[in-house]
$ cat protein_13.csv   # CSV, C-alpha atoms and all ligand atoms
chain,number,residue,atom,x,y,z
A,29,ALA,CA,27.3,-24.4,-1.5
A,30,PRO,CA,25.8,-26.4,-0.1
A,31,PRO,CA,24.3,-24.2,2.7
A,32,HIS,CA,22.8,-21.8,0.2
A,33,GLY,CA,21.7,-24.4,-2.4
A,34,GLU,CA,22.9,-27.3,-4.3
A,35,GLU,CA,21.8,-26.5,-7.8
A,36,THR,CA,23.4,-23.9,-10.1
A,37,GLY,CA,20.2,-22.1,-10.8
A,38,VAL,CA,19.3,-21.7,-7.1
A,39,LEU,CA,22.8,-20.6,-6.2
A,40,LEU,CA,23.0,-18.0,-8.9
A,41,SER,CA,19.6,-16.6,-8.1
A,42,ARG,CA,20.5,-16.3,-4.4
A,43,ALA,CA,23.9,-14.7,-5.3
A,44,ASP,CA,21.8,-12.3,-7.3
A,45,MET,CA,19.6,-11.5,-4.3
A,46,ALA,CA,22.7,-10.8,-2.2
A,47,LEU,CA,24.0,-8.5,-5.0
A,48,TYR,CA,20.7,-6.7,-5.1
A,49,ALA,CA,20.7,-6.3,-1.3
A,50,ALA,CA,24.3,-5.1,-1.3
A,51,LYS,CA,23.5,-2.5,-4.0
A,52,ALA,CA,20.5,-1.3,-2.0
A,53,ALA,CA,22.7,-0.9,1.1
A,54,GLY,CA,24.9,1.7,-0.7
A,55,LYS,CA,28.2,1.9,-2.5
A,56,GLY,CA,31.1,-0.4,-1.7
A,57,GLN,CA,29.2,-3.1,0.2
A,58,ALA,CA,29.6,-6.9,0.2
A,59,LEU,CA,26.9,-9.1,1.5
A,60,VAL,CA,26.5,-12.9,1.9
A,61,PHE,CA,23.1,-14.4,1.1
A,62,ALA,CA,20.7,-14.7,4.0
A,63,PRO,CA,17.2,-16.4,3.9
A,64,GLU,CA,15.6,-13.1,4.8
A,65,MET,CA,16.7,-11.7,1.5
A,66,GLU,CA,14.7,-14.4,-0.3
A,67,ALA,CA,11.7,-13.8,1.9
A,68,ARG,CA,11.9,-10.1,1.1
A,69,VAL,CA,12.1,-10.8,-2.7
A,70,GLN,CA,9.1,-13.1,-2.5
A,71,GLU,CA,7.1,-10.6,-0.5
A,72,ARG,CA,7.9,-7.9,-3.1
A,73,VAL,CA,6.9,-10.2,-6.0
A,74,ARG,CA,3.6,-11.0,-4.2
A,75,LEU,CA,3.0,-7.3,-3.5
A,76,GLU,CA,3.7,-6.4,-7.1
A,77,ALA,CA,1.3,-9.0,-8.5
A,78,GLU,CA,-1.4,-7.9,-6.1
A,79,LEU,CA,-0.9,-4.2,-6.9
A,80,ARG,CA,-1.2,-5.0,-10.6
A,81,LEU,CA,-4.5,-6.7,-10.0
A,82,ALA,CA,-5.7,-3.8,-7.9
A,83,LEU,CA,-4.8,-1.3,-10.6
A,84,ASP,CA,-6.4,-3.4,-13.4
A,85,ALA,CA,-9.6,-3.9,-11.4
A,86,LYS,CA,-9.5,-0.3,-10.0
A,87,HIS,CA,-10.3,-1.9,-6.7
A,88,GLY,CA,-9.0,-1.0,-3.2
A,89,LEU,CA,-7.1,2.1,-4.4
A,90,PHE,CA,-8.1,5.5,-3.0
A,91,VAL,CA,-6.8,9.0,-3.1
A,92,PHE,CA,-6.8,10.8,0.3
A,93,TYR,CA,-6.5,14.6,0.6
A,94,GLN,CA,-4.6,16.6,3.2
A,95,PRO,CA,-5.0,20.4,3.5
A,96,ILE,CA,-2.2,22.9,3.0
A,97,VAL,CA,-3.0,26.2,4.7
A,98,ASP,CA,-1.9,29.8,4.7
A,99,ALA,CA,0.3,30.2,7.8
A,100,GLU,CA,-1.2,33.7,8.6
A,101,THR,CA,-4.9,33.4,7.6
A,102,GLY,CA,-5.4,29.6,8.1
A,103,ASP,CA,-7.2,29.5,4.7
A,104,VAL,CA,-6.8,26.2,2.8
A,105,THR,CA,-4.8,27.1,-0.3
A,106,ALA,CA,-4.3,23.5,-1.7
A,107,ARG,CA,-4.8,19.9,-0.8
A,108,GLU,CA,-2.2,17.2,-1.4
A,109,ALA,CA,-3.3,14.0,-3.0
A,110,LEU,CA,-1.9,10.9,-1.2
A,111,VAL,CA,-2.6,7.5,-2.6
A,112,ARG,CA,-3.9,4.7,-0.3
A,113,TRP,CA,-4.2,1.0,-0.9
A,114,HIS,CA,-6.6,-1.3,1.0
A,115,HIS,CA,-5.6,-4.9,0.6
A,116,ALA,CA,-8.3,-7.5,1.2
A,117,GLN,CA,-6.2,-9.6,3.6
A,118,SER,CA,-3.5,-7.2,4.9
A,119,GLY,CA,-5.6,-4.1,5.3
A,120,TRP,CA,-4.1,-0.6,4.6
A,121,ILE,CA,-0.7,-0.8,3.1
A,122,SER,CA,1.5,2.3,3.4
A,123,PRO,CA,2.6,4.1,0.2
A,124,ALA,CA,6.1,4.1,1.7
A,125,GLU,CA,5.9,0.3,1.0
A,126,PHE,CA,4.0,0.0,-2.3
A,127,ILE,CA,5.3,3.2,-4.1
A,128,PRO,CA,8.9,1.7,-4.2
A,129,VAL,CA,7.5,-1.6,-5.5
A,130,SER,CA,5.5,0.2,-8.2
A,131,GLU,CA,8.6,2.2,-9.2
A,132,GLN,CA,10.8,-0.9,-9.5
A,133,SER,CA,8.1,-2.8,-11.5
A,134,GLY,CA,7.1,0.0,-13.8
A,135,LEU,CA,3.6,0.0,-12.4
A,136,ILE,CA,4.2,3.6,-11.3
A,137,GLU,CA,3.1,4.9,-14.7
A,138,GLN,CA,-0.3,3.3,-14.3
A,139,LEU,CA,-0.6,4.2,-10.6
A,140,GLY,CA,0.5,7.8,-11.3
A,141,ALA,CA,-2.1,8.2,-14.0
A,142,PHE,CA,-4.8,6.9,-11.7
A,143,VAL,CA,-3.9,9.4,-9.0
A,144,LEU,CA,-3.7,12.3,-11.5
A,145,MET,CA,-7.0,11.5,-13.0
A,146,THR,CA,-8.8,10.9,-9.7
A,147,ALA,CA,-7.3,14.0,-8.0
A,148,CYS,CA,-8.0,16.4,-10.9
A,149,ARG,CA,-11.6,15.2,-11.2
A,150,GLU,CA,-12.1,15.6,-7.4
A,151,ALA,CA,-10.5,19.1,-7.3
A,152,ALA,CA,-12.6,20.3,-10.3
A,153,GLY,CA,-15.6,20.1,-8.0
A,154,TRP,CA,-14.2,22.1,-5.0
A,155,PRO,CA,-16.2,25.2,-4.5
A,156,HIS,CA,-13.4,27.5,-3.4
A,157,GLY,CA,-10.9,26.8,-6.1
A,158,GLU,CA,-8.2,25.3,-3.9
A,159,ARG,CA,-5.2,23.8,-5.8
A,160,ILE,CA,-4.5,20.1,-5.9
A,161,ALA,CA,-1.0,18.9,-5.3
A,162,VAL,CA,0.0,15.5,-6.9
A,163,ASN,CA,3.2,13.6,-6.2
A,164,ILE,CA,5.2,12.1,-9.0
A,165,SER,CA,8.1,9.7,-9.0
A,166,ALA,CA,11.3,9.6,-10.9
A,167,GLY,CA,9.9,6.7,-12.9
A,168,GLN,CA,7.2,9.0,-14.4
A,169,LEU,CA,9.8,11.6,-15.5
A,170,GLY,CA,11.6,11.8,-18.8
A,171,ASN,CA,9.8,9.0,-20.6
A,172,GLY,CA,7.6,11.2,-22.7
A,173,THR,CA,4.4,10.0,-20.9
A,174,LEU,CA,4.0,12.6,-18.1
A,175,VAL,CA,2.9,15.6,-20.2
A,176,PRO,CA,0.2,13.6,-22.2
A,177,THR,CA,-1.1,12.1,-18.9
A,178,VAL,CA,-1.3,15.5,-17.2
A,179,LEU,CA,-3.0,17.0,-20.3
A,180,ALA,CA,-5.5,14.1,-20.4
A,181,ALA,CA,-6.3,14.6,-16.7
A,182,LEU,CA,-6.8,18.3,-17.1
A,183,ILE,CA,-9.0,18.0,-20.2
A,184,SER,CA,-11.2,15.2,-18.9
A,185,SER,CA,-11.7,16.9,-15.5
A,186,GLY,CA,-12.0,20.5,-16.9
A,187,LEU,CA,-9.5,21.6,-14.2
A,188,SER,CA,-7.6,24.8,-15.0
A,189,PRO,CA,-3.8,24.0,-15.3
A,190,ASP,CA,-2.9,26.7,-12.7
A,191,ARG,CA,-4.9,24.7,-10.1
A,192,LEU,CA,-2.6,21.7,-10.5
A,193,GLU,CA,0.6,21.5,-8.6
A,194,ILE,CA,3.1,18.7,-9.3
A,195,GLU,CA,5.4,17.7,-6.4
A,196,VAL,CA,8.7,16.3,-7.3
A,197,THR,CA,11.6,15.4,-4.9
A,198,GLU,CA,15.2,16.3,-5.4
A,199,THR,CA,16.1,12.6,-5.4
A,200,ALA,CA,13.8,12.1,-8.4
A,201,LEU,CA,15.5,15.0,-10.2
A,202,VAL,CA,19.0,13.7,-9.5
A,203,SER,CA,18.1,10.2,-10.8
A,204,ALA,CA,16.1,11.3,-13.9
A,205,GLN,CA,18.3,14.3,-15.0
A,206,GLY,CA,17.9,16.3,-18.2
A,207,ALA,CA,14.8,14.8,-19.7
A,208,ALA,CA,13.1,15.2,-16.4
A,209,ILE,CA,13.7,18.9,-16.4
A,210,ASP,CA,12.3,19.1,-19.9
A,211,ASP,CA,9.1,17.4,-18.8
A,212,LEU,CA,8.7,19.9,-15.9
A,213,ARG,CA,9.4,22.8,-18.2
A,214,ARG,CA,6.7,21.7,-20.6
A,215,LEU,CA,4.3,21.4,-17.7
A,216,ARG,CA,5.1,24.8,-16.4
A,217,ASP,CA,4.7,26.2,-19.9
A,218,ILE,CA,1.1,25.1,-19.9
A,219,GLY,CA,0.5,26.7,-16.6
A,220,VAL,CA,1.0,23.8,-14.1
A,221,ARG,CA,2.8,24.7,-10.9
A,222,ILE,CA,5.9,22.7,-9.9
A,223,ALA,CA,6.8,22.2,-6.2
A,224,LEU,CA,10.1,20.8,-4.9
A,225,ASP,CA,9.2,18.2,-2.2
A,226,ASP,CA,11.1,17.1,0.9
A,227,PHE,CA,13.6,19.9,0.5
A,228,GLY,CA,16.7,19.6,2.7
A,229,THR,CA,16.9,15.8,2.7
A,230,GLY,CA,18.5,13.3,0.4
A,231,TYR,CA,20.7,14.7,-2.4
A,232,SER,CA,20.0,18.2,-1.3
A,233,SER,CA,21.6,21.0,-3.3
A,234,LEU,CA,20.8,24.6,-3.8
A,235,SER,CA,21.7,24.2,-7.4
A,236,HIS,CA,18.3,22.5,-8.0
A,237,LEU,CA,16.8,25.9,-7.3
A,238,GLN,CA,19.0,27.4,-10.1
A,239,ILE,CA,18.3,24.8,-12.8
A,240,PHE,CA,14.5,25.1,-12.5
A,241,PRO,CA,12.1,27.9,-11.6
A,242,PHE,CA,10.1,26.1,-8.9
A,243,ASP,CA,6.8,27.7,-7.7
A,244,LYS,CA,7.0,26.2,-4.3
A,245,ILE,CA,9.5,24.7,-1.9
A,246,LYS,CA,8.3,22.1,0.7
A,247,ILE,CA,10.6,22.1,3.7
A,248,ASP,CA,10.9,18.5,5.0
A,249,ALA,CA,9.1,17.6,8.2
A,250,SER,CA,12.4,16.6,9.9
A,251,PHE,CA,13.3,20.3,10.3
A,252,VAL,CA,9.9,21.1,11.7
A,253,LYS,CA,10.0,18.3,14.3
A,254,ASN,CA,13.5,19.2,15.5
A,255,ALA,CA,13.6,22.2,17.8
A,256,ARG,CA,17.4,22.4,17.7
A,257,PRO,CA,18.8,25.9,16.8
A,258,GLU,CA,20.3,24.4,13.6
A,259,SER,CA,16.9,23.2,12.3
A,260,VAL,CA,15.3,26.5,13.2
A,261,ALA,CA,18.1,28.3,11.3
A,262,VAL,CA,17.6,26.1,8.2
A,263,ILE,CA,13.8,26.9,8.2
A,264,ARG,CA,14.6,30.6,8.5
A,265,ALA,CA,17.2,30.5,5.8
A,266,LEU,CA,14.9,28.7,3.4
A,267,ALA,CA,12.0,31.0,4.1
A,268,ASP,CA,14.2,34.0,3.4
A,269,LEU,CA,15.5,32.3,0.2
A,270,GLY,CA,12.0,31.6,-0.9
A,271,LYS,CA,11.0,35.3,-0.4
A,272,ARG,CA,14.0,36.5,-2.4
A,273,LEU,CA,13.4,34.0,-5.2
A,274,GLY,CA,9.6,34.7,-5.2
A,275,VAL,CA,8.9,31.1,-4.3
A,276,THR,CA,6.2,30.0,-1.8
A,277,THR,CA,7.7,28.1,1.1
A,278,VAL,CA,5.7,25.4,2.9
A,279,ALA,CA,6.6,23.7,6.2
A,280,GLU,CA,5.5,20.0,6.3
A,281,GLY,CA,4.6,17.8,9.2
A,282,VAL,CA,3.3,20.6,11.6
A,283,GLU,CA,1.7,18.8,14.5
A,284,THR,CA,1.7,21.3,17.4
A,285,GLN,CA,0.9,24.9,18.1
A,286,VAL,CA,4.5,25.4,19.3
A,287,GLN,CA,5.8,24.2,16.0
A,288,LEU,CA,3.3,26.5,14.1
A,289,ASP,CA,4.4,29.5,16.2
A,290,ARG,CA,8.0,28.8,15.4
A,291,ILE,CA,7.4,28.4,11.7
A,292,ARG,CA,5.3,31.5,11.5
A,293,ALA,CA,8.1,33.4,13.3
A,294,GLU,CA,10.7,32.1,10.8
A,295,GLY,CA,8.5,33.4,7.9
A,296,CYS,CA,7.2,30.3,6.1
A,297,GLN,CA,4.1,31.2,4.1
A,298,GLU,CA,2.2,27.9,4.2
A,299,VAL,CA,2.0,24.9,6.5
A,300,GLN,CA,0.8,21.3,6.3
A,301,GLY,CA,0.4,18.7,9.0
A,302,TYR,CA,-1.8,16.9,11.4
A,303,LEU,CA,-2.5,20.1,13.3
A,304,PHE,CA,-4.6,21.2,10.3
A,305,GLY,CA,-5.9,17.9,9.2
A,306,THR,CA,-4.9,14.3,8.5
A,307,PRO,CA,-5.2,12.9,4.9
A,308,ALA,CA,-8.9,12.0,4.4
A,309,PRO,CA,-11.0,10.4,1.7
A,310,CYS,CA,-13.2,12.5,-0.5
A,311,GLU,CA,-16.9,12.7,0.2
A,312,ALA,CA,-17.8,9.9,-2.2
A,313,ASP,CA,-15.3,7.4,-0.7
A,314,ARG,CA,-16.1,8.3,3.0
A,315,ALA,CA,-18.7,5.6,3.6
A,316,ILE,CA,-16.7,2.8,2.0
A,317,VAL,CA,-13.5,3.8,3.9
A,318,THR,CA,-15.4,3.8,7.2
A,319,THR,CA,-16.8,0.3,6.4
A,320,LEU,CA,-13.3,-1.0,5.6
A,321,ASN,CA,-12.0,0.4,8.9
A,322,GLN,CA,-14.9,-1.1,10.9
A,323,GLU,CA,-14.2,-4.5,9.3
A,324,LYS,CA,-10.6,-4.2,10.5
A,325,GLU,CA,-11.7,-3.4,14.1
A,326,GLN,CA,-14.2,-6.3,14.1
A,327,MET,CA,-11.5,-8.7,12.9
A,328,GLU,CA,-9.1,-7.4,15.6
A,329,SER,CA,-11.7,-7.8,18.4
A,330,PHE,CA,-12.7,-11.2,17.0
A,331,SER,CA,-9.1,-12.5,17.0
A,332,MET,CA,-8.6,-11.2,20.6
A,333,GLN,CA,-11.6,-13.3,21.7
A,334,ILE,CA,-10.1,-16.5,20.3
A,335,PRO,CA,-8.1,-18.2,23.2
A,336,LYS,CA,-4.6,-19.1,22.2
A,337,LEU,CA,-4.0,-22.8,21.9
A,338,GLY,CA,-1.0,-24.7,23.3
B,401,LIG,P1,5.2,13.1,1.1
B,401,LIG,O1,4.9,13.5,-0.3
B,401,LIG,O2,6.3,13.8,1.8
B,401,LIG,O3,3.8,13.2,1.8
B,401,LIG,C1,3.7,13.6,3.2
B,401,LIG,C2,3.6,12.4,4.1
B,401,LIG,O4,3.6,12.9,5.4
B,401,LIG,C3,2.3,11.7,3.9
B,401,LIG,O5,2.5,10.3,4.2
B,401,LIG,C4,1.4,12.3,5.0
B,401,LIG,O6,0.3,11.5,5.4
B,401,LIG,C5,2.4,12.5,6.1
B,401,LIG,N1,2.1,13.6,7.0
B,401,LIG,C6,1.4,14.7,6.8
B,401,LIG,N2,1.3,15.5,7.9
B,401,LIG,C7,2.0,14.8,8.9
B,401,LIG,C8,2.3,15.1,10.2
B,401,LIG,O7,1.9,16.2,10.8
B,401,LIG,N3,3.0,14.2,10.9
B,401,LIG,C9,3.5,13.1,10.4
B,401,LIG,N4,4.2,12.2,11.1
B,401,LIG,N5,3.2,12.8,9.1
B,401,LIG,C10,2.5,13.6,8.3
B,401,LIG,P2,2.0,9.2,3.3
B,401,LIG,O8,0.6,9.5,2.8
B,401,LIG,O9,2.1,7.9,4.1
B,401,LIG,O10,2.9,9.2,2.1
B,401,LIG,C11,4.3,8.9,2.2
B,401,LIG,C12,5.0,9.2,0.9
B,401,LIG,O11,4.6,8.3,-0.2
B,401,LIG,C13,4.8,10.6,0.4
B,401,LIG,O12,5.6,11.5,1.1
B,401,LIG,C14,5.1,10.5,-1.0
B,401,LIG,O13,6.5,10.5,-1.2
B,401,LIG,C15,4.7,9.1,-1.4
B,401,LIG,N6,3.4,9.1,-2.0
B,401,LIG,C16,2.1,9.2,-1.5
B,401,LIG,N7,1.2,9.3,-2.5
B,401,LIG,C17,1.9,9.2,-3.7
B,401,LIG,C18,1.5,9.3,-5.1
B,401,LIG,O14,0.3,9.4,-5.4
B,401,LIG,N8,2.5,9.2,-6.0
B,401,LIG,C19,3.8,9.1,-5.6
B,401,LIG,N9,4.7,9.1,-6.6
B,401,LIG,N10,4.2,9.1,-4.3
B,401,LIG,C20,3.2,9.2,-3.4
B,402,CA,CA,4.6,15.4,-1.3
B,403,CA,CA,7.1,15.9,1.5
$ encode --input "protein_13.csv" --output "structure tokens"
Amino acid sequence: APPHGEETGVLLSRADMALYAAKAAGKGQALVFAPEMEARVQERVRLEAELRLALDAKHGLFVFYQPIVDAETGDVTAREALVRWHHAQSGWISPAEFIPVSEQSGLIEQLGAFVLMTACREAAGWPHGERIAVNISAGQLGNGTLVPTVLAALISSGLSPDRLEIEVTETALVSAQGAAIDDLRRLRDIGVRIALDDFGTGYSSLSHLQIFPFDKIKIDASFVKNARPESVAVIRALADLGKRLGVTTVAEGVETQVQLDRIRAEGCQEVQGYLFGTPAPCEADRAIVTTLNQEKEQMESFSMQIPKLG
């Protein structure tokens, strides 16, 4: 004080923001309050309130679907459900931005249930029986809510459990621990498949493959993008490991034919990425999504026509 405030309450709250930022920056950090920290907190609070409204009104939230294909035949084996949020003023907001907000505010339960319900209902109508892959966060694991939510989604949609695949990251497993594994085990017992997402990043450990019998390993896109011999060796090793364990391996983020050829040569069974299709809305949402995108284009061209003052 006084540069960071003159009242006790303000100073304490700003000290708290610095503490929060220091914790987020990793272990053993010390940070002094900066005005950007307050702006970030306010932005997060605003986003949380708006996401809560969107969820309650079921407005502006969509599920997009991206194909996962057999690396040899090119057949679509599954589609991954990826949540999308269109905000009336800000336009499309990336899940990388609002998923962490929903996790920290506890909204992830409600958001996760929305995605599960929507995705299972959609997949139940697919004529070729492709699977649906749904992402879940650490916050949905180990609270006793995931299994009932999954069951409700399966029953109300009529989707067979073996057509549902739950994607969980290693990071989520590490933070949720024992009760999380129990949830996954119960899901697997009812026939739901479990995939280990973003493998090879974060708190990566081969021990995760020992503590749970995953049905699928998704190799992180960073190994696919990188053509260095080390990355190629990792892909080959994981593809081999998958074969020995009887686990399907999927390479994520495949964008070019060159990458596809390399991945095929290394022996991955399935591939996913822009080369085969970007995430897209279901048939029923297509018109509304097109309208939302057109509105954005009109706004942009309109704002370009306004001469800047001053
Ligand atoms: P993820 O589960 O690893 O999903 C794959 C991300 O890679 C998606 O980003 C997808 O659009 C993007 N992607 C796919 N193919 C390519 C490619 O060829 N090149 C590049 N550059 N990117 C590609 P998206 O949709 O923005 O989602 C980001 C992350 O947000 C997801 O990563 C997932 O962790 C999380 N997320 C998305 N939807 C949900 C959800 O419903 N629930 C939860 N808990 N998390 C979700
Ligand atoms: Ca995923
Ligand atoms: Ca992934």
$ residues_near_ligand --input "protein_13.csv" --ligand "ligand LIG 401 (chain B)" --cutoff "7 Å" --atoms "only C-alpha atoms and all ligand atoms" --output "PyMOL selection string"
chain A and resi 109-111+122-124+127+140+143+162-165+225-226+280-283+300-303+306-307
$ residues_near_ligand --input "protein_13.csv" --ligand "ligand CA 403 (chain B)" --cutoff "10 Å" --atoms "only C-alpha atoms and all ligand atoms" --output "list of chain:residue names"
A:Glu108, A:Asn163, A:Glu195, A:Val196, A:Thr197, A:Ala223, A:Leu224, A:Asp225, A:Asp226, A:Phe227, A:Thr229, A:Ile245, A:Lys246, A:Ile247, A:Asp248, A:Ala249, A:Ser250, A:Val278, A:Ala279, A:Glu280, A:Gly281, A:Gln300
$ closest_residue --input "protein_13.csv" --among "A:Leu79, A:Cys310, A:Ala265, A:Val299" --to "Asp103 of chain A" --atoms "all atoms listed in the file"
A:Val299
$ closest_residue --input "protein_13.csv" --among "A:Met45, A:Leu288, A:Ile121, A:Gln205" --to "Ala67 of chain A" --atoms "only C-alpha atoms"
A:Met45
$ atom_distance --input "protein_13.csv" --atom1 "atom CA of Leu192 of chain A" --atom2 "atom CA of Gly206 of chain A"
22.6 Å
$ closest_residue --input "protein_13.csv" --among "A:Val275, A:Leu83, A:Leu234, A:Leu215" --to "Glu198 of chain A" --atoms "all atoms listed in the file"
A:Leu234
$ atom_distance --input "protein_13.csv" --atom1 "atom CA of Ala77 of chain A" --atom2 "atom CA of Val129 of chain A"
10.1 Å
$ residues_around --input "protein_13.csv" --residues "Glu193 of chain A" --least-positions-apart "3" --cutoff "8 Å" --atoms "only C-alpha atoms" --output "ChimeraX atom specification"
/A:159-162,190,220-223
$ closest_residue --input "protein_13.csv" --among "A:Leu40, A:Ala106, A:Ile136, A:Ile194" --to "ligand CA 402 (chain B)" --atoms "all atoms listed in the file"
A:Ile194
$ closest_residue --input "protein_13.csv" --among "A:Pro189, A:Arg214, A:Ser235, A:Lys244" --to "ligand CA 402 (chain B)" --atoms "only C-alpha atoms and all ligand atoms"
A:Lys244
$ atom_distance --input "protein_13.csv" --atom1 "atom CA of Thr319 of chain A" --atom2 "atom CA of His115 of chain A"
13.6 Å
$ closest_residue --input "protein_13.csv" --among "A:Ser203, A:Gln57, A:Ser118, A:Gln94" --to "ligand CA 402 (chain B)" --atoms "all atoms listed in the file"
A:Gln94
$ residues_near_point --input "protein_13.csv" --point "(23.4, -15.8, -1.1)" --cutoff "7 Å" --atoms "all atoms listed in the file" --output "list in words"
His32, Arg42, Ala43, Met45, Ala46, Val60, Phe61 and Ala62 of chain A
